[in-house]
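S.K.: Before I ask anything, let me first share the structure, which is written out below as structure tokens.
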Amino acid sequence: MRKFGKVLGIALASLVLLAAALIALFWAPDHDVEQLKARWAPPPSQFVALDGMQIHARDEGPRKATTIVLLHGTSASLHTWEGWAARLRDKYRVVSLDLPGFGLTGPFPDGDYRLVRYLRFLAGFLDRIGAERFVLVGNSFGGFLAWQFALAMPERVDRLVLIDAGGYPSQARSIPVGFRIASIPVVNQIARQVLPRAVVESSARNVYGNPERVTDALVDRYFELTLRAGNRQALGQRVAQIPTGDDAERIRHINTPTLILWGGRDRLVPQEIAGRFHGDIRGSRLVVFNDLGHVPHEEDPGRTAAALEKFLSQQ
């Protein structure tokens, strides 16, 4: 028994040393937002004061043109729309922003990430920049917010575009490791200070149809903005406070003209979900890009933006 206790003690000590070594190796404390602005908020970035936050946003193109509002997904930022903005801003007013909890905007000060809070925030932000009626586009979690906003305030949404959007109960075939960590109690607490860059790279490659398109620069962006002070805590809170699929029956009440864009290689929100949106939203149009993944607008902005332009040109 004494020998067993000695062996157990050595094993526990070894585990503690290993854990300490891993923490030291992958230590990644929060970064102050001011440290990140120089690289990630060049012109035309601006910061809009609202609800005790400084909202990182870009407002490009002719002010009197049709307004297109772009909402990113979980752990992303307005940078995911850069390809679309470059193509669209000559003809349209293009508005993108870092949603609270993500990017340079950072967390809601009160820690409230319920759906009603996001909808109230989005309405207030659009009021603040003078966007009264618009085309609302959302990817993943941003798509979930977009269709919920279209139901809550249909008078403001001229057209709706859902890109690999959330809304139905999960049928995920593969979940990025970063998302899994955020949903596991205790582990997500450790992840607030420890974050291997390889975890972020793996997550990015997981959501691309062709992982070879994931560049070092793209991983740098996701990694550094994840480290923005408060974002890792906010991700865990957001995941816990907005259940998946609870409001799916409301989708059939959407009457806004809707375009559904989807990546055929999306393993997080598979193509079957695109079919459900298409079936439940009367008169909707569905375009599937068979070689793209969960963020098709980022993976191939040219083809996906062309589909949007075609939709907007039709009555």
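Ligands are numbered from 1 in the order shown, chains are lettered A, B, ... in the order of the structure tokens, and residues start at 1 in each chain.
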Identify, on the basis of only C-alpha atoms, every residue whose closest approach to range 87-102 of chain A does not exceed 8 Å; exclude the query and any residue fewer than 3 positions from it along the same chain; express the result as a PDB file with N, CA and C atoms, in the first residue's frame.
M.R.:
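Okay, this is what ended up in around.pdb:
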ATOM      1  N   ILE A  55     -18.255  50.452 -30.576  1.00  0.00           N
ATOM      2  CA  ILE A  55     -18.553  49.444 -31.587  1.00  0.00           C
ATOM      3  C   ILE A  55     -17.640  49.627 -32.795  1.00  0.00           C
ATOM      4  N   HIS A  56     -16.850  48.628 -33.080  1.00  0.00           N
ATOM      5  CA  HIS A  56     -15.979  48.664 -34.264  1.00  0.00           C
ATOM      6  C   HIS A  56     -16.844  48.422 -35.497  1.00  0.00           C
ATOM      7  N   ALA A  57     -16.828  49.372 -36.425  1.00  0.00           N
ATOM      8  CA  ALA A  57     -17.710  49.294 -37.588  1.00  0.00           C
ATOM      9  C   ALA A  57     -17.029  49.884 -38.812  1.00  0.00           C
ATOM     10  N   ARG A  58     -17.547  49.531 -39.968  1.00  0.00           N
ATOM     11  CA  ARG A  58     -17.156  50.155 -41.237  1.00  0.00           C
ATOM     12  C   ARG A  58     -18.428  50.491 -41.998  1.00  0.00           C
ATOM     13  N   ASP A  59     -18.476  51.708 -42.517  1.00  0.00           N
ATOM     14  CA  ASP A  59     -19.651  52.222 -43.229  1.00  0.00           C
ATOM     15  C   ASP A  59     -19.124  52.778 -44.549  1.00  0.00           C
ATOM     16  N   GLU A  60     -19.258  51.994 -45.622  1.00  0.00           N
ATOM     17  CA  GLU A  60     -18.612  52.313 -46.887  1.00  0.00           C
ATOM     18  C   GLU A  60     -19.641  52.495 -48.000  1.00  0.00           C
ATOM     19  N   GLY A  61     -19.249  53.234 -49.032  1.00  0.00           N
ATOM     20  CA  GLY A  61     -20.098  53.399 -50.190  1.00  0.00           C
ATOM     21  C   GLY A  61     -21.002  54.612 -50.103  1.00  0.00           C
ATOM     22  N   PRO A  62     -21.782  54.849 -51.146  1.00  0.00           N
ATOM     23  CA  PRO A  62     -22.663  56.033 -51.193  1.00  0.00           C
ATOM     24  C   PRO A  62     -23.743  55.987 -50.120  1.00  0.00           C
ATOM     25  N   ARG A  63     -23.878  57.042 -49.352  1.00  0.00           N
ATOM     26  CA  ARG A  63     -24.840  57.067 -48.246  1.00  0.00           C
ATOM     27  C   ARG A  63     -26.282  56.936 -48.723  1.00  0.00           C
ATOM     28  N   LYS A  64     -26.578  57.426 -49.931  1.00  0.00           N
ATOM     29  CA  LYS A  64     -27.958  57.406 -50.419  1.00  0.00           C
ATOM     30  C   LYS A  64     -28.296  56.131 -51.193  1.00  0.00           C
ATOM     31  N   ALA A  65     -27.329  55.246 -51.343  1.00  0.00           N
ATOM     32  CA  ALA A  65     -27.569  53.994 -52.060  1.00  0.00           C
ATOM     33  C   ALA A  65     -28.278  52.990 -51.158  1.00  0.00           C
ATOM     34  N   THR A  66     -28.759  51.898 -51.753  1.00  0.00           N
ATOM     35  CA  THR A  66     -29.314  50.789 -50.969  1.00  0.00           C
ATOM     36  C   THR A  66     -28.293  50.345 -49.931  1.00  0.00           C
ATOM     37  N   THR A  67     -28.741  50.201 -48.692  1.00  0.00           N
ATOM     38  CA  THR A  67     -27.847  49.816 -47.599  1.00  0.00           C
ATOM     39  C   THR A  67     -27.848  48.307 -47.410  1.00  0.00           C
ATOM     40  N   ILE A  68     -26.657  47.734 -47.305  1.00  0.00           N
ATOM     41  CA  ILE A  68     -26.479  46.308 -47.013  1.00  0.00           C
ATOM     42  C   ILE A  68     -25.776  46.199 -45.671  1.00  0.00           C
ATOM     43  N   VAL A  69     -26.419  45.544 -44.709  1.00  0.00           N
ATOM     44  CA  VAL A  69     -25.859  45.359 -43.364  1.00  0.00           C
ATOM     45  C   VAL A  69     -25.371  43.919 -43.245  1.00  0.00           C
ATOM     46  N   LEU A  70     -24.116  43.741 -42.829  1.00  0.00           N
ATOM     47  CA  LEU A  70     -23.470  42.437 -42.802  1.00  0.00           C
ATOM     48  C   LEU A  70     -23.166  42.017 -41.368  1.00  0.00           C
ATOM     49  N   LEU A  71     -23.673  40.846 -40.959  1.00  0.00           N
ATOM     50  CA  LEU A  71     -23.495  40.328 -39.604  1.00  0.00           C
ATOM     51  C   LEU A  71     -22.664  39.049 -39.643  1.00  0.00           C
ATOM     52  N   HIS A  72     -21.544  39.052 -38.953  1.00  0.00           N
ATOM     53  CA  HIS A  72     -20.645  37.902 -38.944  1.00  0.00           C
ATOM     54  C   HIS A  72     -21.115  36.822 -37.973  1.00  0.00           C
ATOM     55  N   THR A  74     -20.083  33.452 -35.090  1.00  0.00           N
ATOM     56  CA  THR A  74     -19.388  33.251 -33.825  1.00  0.00           C
ATOM     57  C   THR A  74     -17.874  33.288 -34.012  1.00  0.00           C
ATOM     58  N   SER A  75     -17.205  34.044 -33.144  1.00  0.00           N
ATOM     59  CA  SER A  75     -15.749  34.162 -33.104  1.00  0.00           C
ATOM     60  C   SER A  75     -15.153  34.819 -34.343  1.00  0.00           C
ATOM     61  N   ALA A  76     -15.997  35.415 -35.181  1.00  0.00           N
ATOM     62  CA  ALA A  76     -15.508  36.134 -36.353  1.00  0.00           C
ATOM     63  C   ALA A  76     -15.539  37.634 -36.080  1.00  0.00           C
ATOM     64  N   SER A  77     -15.441  38.426 -37.138  1.00  0.00           N
ATOM     65  CA  SER A  77     -15.398  39.881 -37.017  1.00  0.00           C
ATOM     66  C   SER A  77     -15.815  40.476 -38.355  1.00  0.00           C
ATOM     67  N   LEU A  78     -15.885  41.788 -38.427  1.00  0.00           N
ATOM     68  CA  LEU A  78     -16.270  42.435 -39.680  1.00  0.00           C
ATOM     69  C   LEU A  78     -15.286  42.133 -40.808  1.00  0.00           C
ATOM     70  N   TRP A  81     -16.010  40.064 -44.002  1.00  0.00           N
ATOM     71  CA  TRP A  81     -16.753  40.630 -45.129  1.00  0.00           C
ATOM     72  C   TRP A  81     -15.900  41.509 -46.034  1.00  0.00           C
ATOM     73  N   GLY A  83     -13.913  41.011 -48.504  1.00  0.00           N
ATOM     74  CA  GLY A  83     -14.029  40.711 -49.925  1.00  0.00           C
ATOM     75  C   GLY A  83     -15.340  41.201 -50.507  1.00  0.00           C
ATOM     76  N   TRP A  84     -16.424  41.005 -49.780  1.00  0.00           N
ATOM     77  CA  TRP A  84     -17.728  41.501 -50.222  1.00  0.00           C
ATOM     78  C   TRP A  84     -17.737  43.023 -50.265  1.00  0.00           C
ATOM     79  N   THR A 105     -14.946  45.133 -30.796  1.00  0.00           N
ATOM     80  CA  THR A 105     -16.028  45.685 -29.974  1.00  0.00           C
ATOM     81  C   THR A 105     -15.950  45.162 -28.548  1.00  0.00           C
ATOM     82  N   GLY A 106     -15.701  43.871 -28.398  1.00  0.00           N
ATOM     83  CA  GLY A 106     -15.596  43.302 -27.067  1.00  0.00           C
ATOM     84  C   GLY A 106     -16.938  43.045 -26.416  1.00  0.00           C
ATOM     85  N   PRO A 107     -16.937  42.691 -25.131  1.00  0.00           N
ATOM     86  CA  PRO A 107     -18.135  42.163 -24.469  1.00  0.00           C
ATOM     87  C   PRO A 107     -19.186  43.218 -24.130  1.00  0.00           C
ATOM     88  N   PHE A 108     -20.437  42.751 -23.997  1.00  0.00           N
ATOM     89  CA  PHE A 108     -21.473  43.577 -23.377  1.00  0.00           C
ATOM     90  C   PHE A 108     -21.043  43.857 -21.935  1.00  0.00           C
ATOM     91  N   LEU A 225      -7.764  38.501 -32.489  1.00  0.00           N
ATOM     92  CA  LEU A 225      -9.036  39.106 -32.078  1.00  0.00           C
ATOM     93  C   LEU A 225      -9.741  38.268 -31.013  1.00  0.00           C
ATOM     94  N   THR A 226      -9.475  36.973 -30.984  1.00  0.00           N
ATOM     95  CA  THR A 226      -9.994  36.147 -29.890  1.00  0.00           C
ATOM     96  C   THR A 226      -9.394  36.585 -28.556  1.00  0.00           C
ATOM     97  N   GLY A 230     -11.829  40.210 -22.789  1.00  0.00           N
ATOM     98  CA  GLY A 230     -13.236  39.911 -22.546  1.00  0.00           C
ATOM     99  C   GLY A 230     -13.887  38.981 -23.542  1.00  0.00           C
ATOM    100  N   ASN A 231     -13.266  38.769 -24.712  1.00  0.00           N
ATOM    101  CA  ASN A 231     -13.937  37.988 -25.758  1.00  0.00           C
ATOM    102  C   ASN A 231     -14.086  36.514 -25.398  1.00  0.00           C
ATOM    103  N   ALA A 234     -16.836  36.150 -22.961  1.00  0.00           N
ATOM    104  CA  ALA A 234     -18.103  36.443 -23.632  1.00  0.00           C
ATOM    105  C   ALA A 234     -18.580  35.271 -24.477  1.00  0.00           C
ATOM    106  N   LEU A 235     -17.659  34.565 -25.122  1.00  0.00           N
ATOM    107  CA  LEU A 235     -18.054  33.434 -25.957  1.00  0.00           C
ATOM    108  C   LEU A 235     -18.755  32.368 -25.125  1.00  0.00           C
ATOM    109  N   ARG A 238     -22.210  33.683 -24.193  1.00  0.00           N
ATOM    110  CA  ARG A 238     -23.131  33.711 -25.329  1.00  0.00           C
ATOM    111  C   ARG A 238     -23.639  32.308 -25.658  1.00  0.00           C
ATOM    112  N   GLY A 302     -15.921  36.380 -54.347  1.00  0.00           N
ATOM    113  CA  GLY A 302     -16.346  36.719 -55.698  1.00  0.00           C
ATOM    114  C   GLY A 302     -17.627  36.030 -56.120  1.00  0.00           C
ATOM    115  N   ALA A 305     -20.678  36.898 -53.593  1.00  0.00           N
ATOM    116  CA  ALA A 305     -21.202  38.254 -53.763  1.00  0.00           C
ATOM    117  C   ALA A 305     -21.945  38.401 -55.082  1.00  0.00           C
TER     118      ALA A 305
END
S.K.: Excluding Ile273 in chain A and its own-chain neighbours fewer than 6 positions away, which residues fall within 12 Å of it when counting only C-alpha atoms? Please give them as a list in words.
M.R.: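 These residues fall inside the cut-off: Ser140, Leu162, Ile163, Asp164, Ala165, Gly166, Gly167, Tyr168, Pro169, Ser170, Gln171, Ala172, Gly245, Ala248, Ile260, Leu261, Trp262, Gly263, Gly264, Asp266, Arg267, Gly279, Asp280, Leu286, Val288 and His294 of chain A.
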S.K.: Would you kindly return, as a list of chain:residue names, each protein, DNA or RNA residue with an atom no farther than 7 Å from any atom of range 253-259 of chain A, considering only C-alpha atoms and excluding same-chain residues fewer than 4 positions away?
M.R.: A:Leu151, A:Asp158, A:Arg159, A:Leu160, A:Val161, A:Leu162, A:Ile281, A:Ser284, A:Arg285, A:Leu286
S.K.: Using C-alpha atoms, can you export the residues from the last selection as an mmCIF file, in the first residue's frame?
M.R.:
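That gives us selection.cif:
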data_model
loop_
_atom_site.group_PDB
_atom_site.id
_atom_site.type_symbol
_atom_site.label_atom_id
_atom_site.label_comp_id
_atom_site.auth_asym_id
_atom_site.auth_seq_id
_atom_site.Cartn_x
_atom_site.Cartn_y
_atom_site.Cartn_z
ATOM 1 C CA LEU A 151 -39.333 38.846 -37.670
ATOM 2 C CA ASP A 158 -36.103 45.100 -47.315
ATOM 3 C CA ARG A 159 -34.468 41.756 -48.107
ATOM 4 C CA LEU A 160 -32.900 38.987 -46.054
ATOM 5 C CA VAL A 161 -29.815 36.928 -46.929
ATOM 6 C CA LEU A 162 -28.949 33.871 -44.832
ATOM 7 C CA ILE A 281 -39.528 30.446 -45.973
ATOM 8 C CA SER A 284 -37.056 31.940 -50.830
ATOM 9 C CA ARG A 285 -34.217 31.273 -53.254
ATOM 10 C CA LEU A 286 -31.433 28.798 -52.523
#
S.K.: Between A:Val269, A:Leu218, A:Val239, A:Ala123, which residue has the minimum interatomic distance to Glu298 in chain A, considering only C-alpha atoms?
M.R.: A:Leu218
S.K.: If you count only C-alpha atoms, which residues fall within 7 Å of range 109-116 of chain A, apart from same-chain ones fewer than 2 positions away, as a list in words?
M.R.: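 Contacts, with the query itself left out: Gly52, Pro107, Tyr118, Leu119, Arg120, Gln237, Arg238, Gln241 and Ile242 of chain A.
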S.K.: Out of A:Pro296, A:Gly143, A:Gly124, A:Gly73, which residue has the shortest atom-to-atom distance to Val48 in chain A when counting only C-alpha atoms?
M.R.: A:Gly124
S.K.: Go through A:Asp300, A:Ser174, A:Ile251, A:Asp246 one by one, measure the shortest atom-to-atom distance of each to Ala146 in chain A using only C-alpha atoms, and give the residue with the smallest value.
M.R.: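 Closest to Ala146 in chain A, using only C-alpha atoms: A:Ile251.
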S.K.: Among range 70-143 of chain A, which residues carry a DSSP assignment of helix (DSSP H, G or I), reported as a ChimeraX atom specification?
M.R.: /A:78-88,115-128,141-143
S.K.: Could you tell me how far CA of Val214 in chain A sits from CA of Val287 in chain A, in Å to one decimal place?
M.R.: 23.2 Å
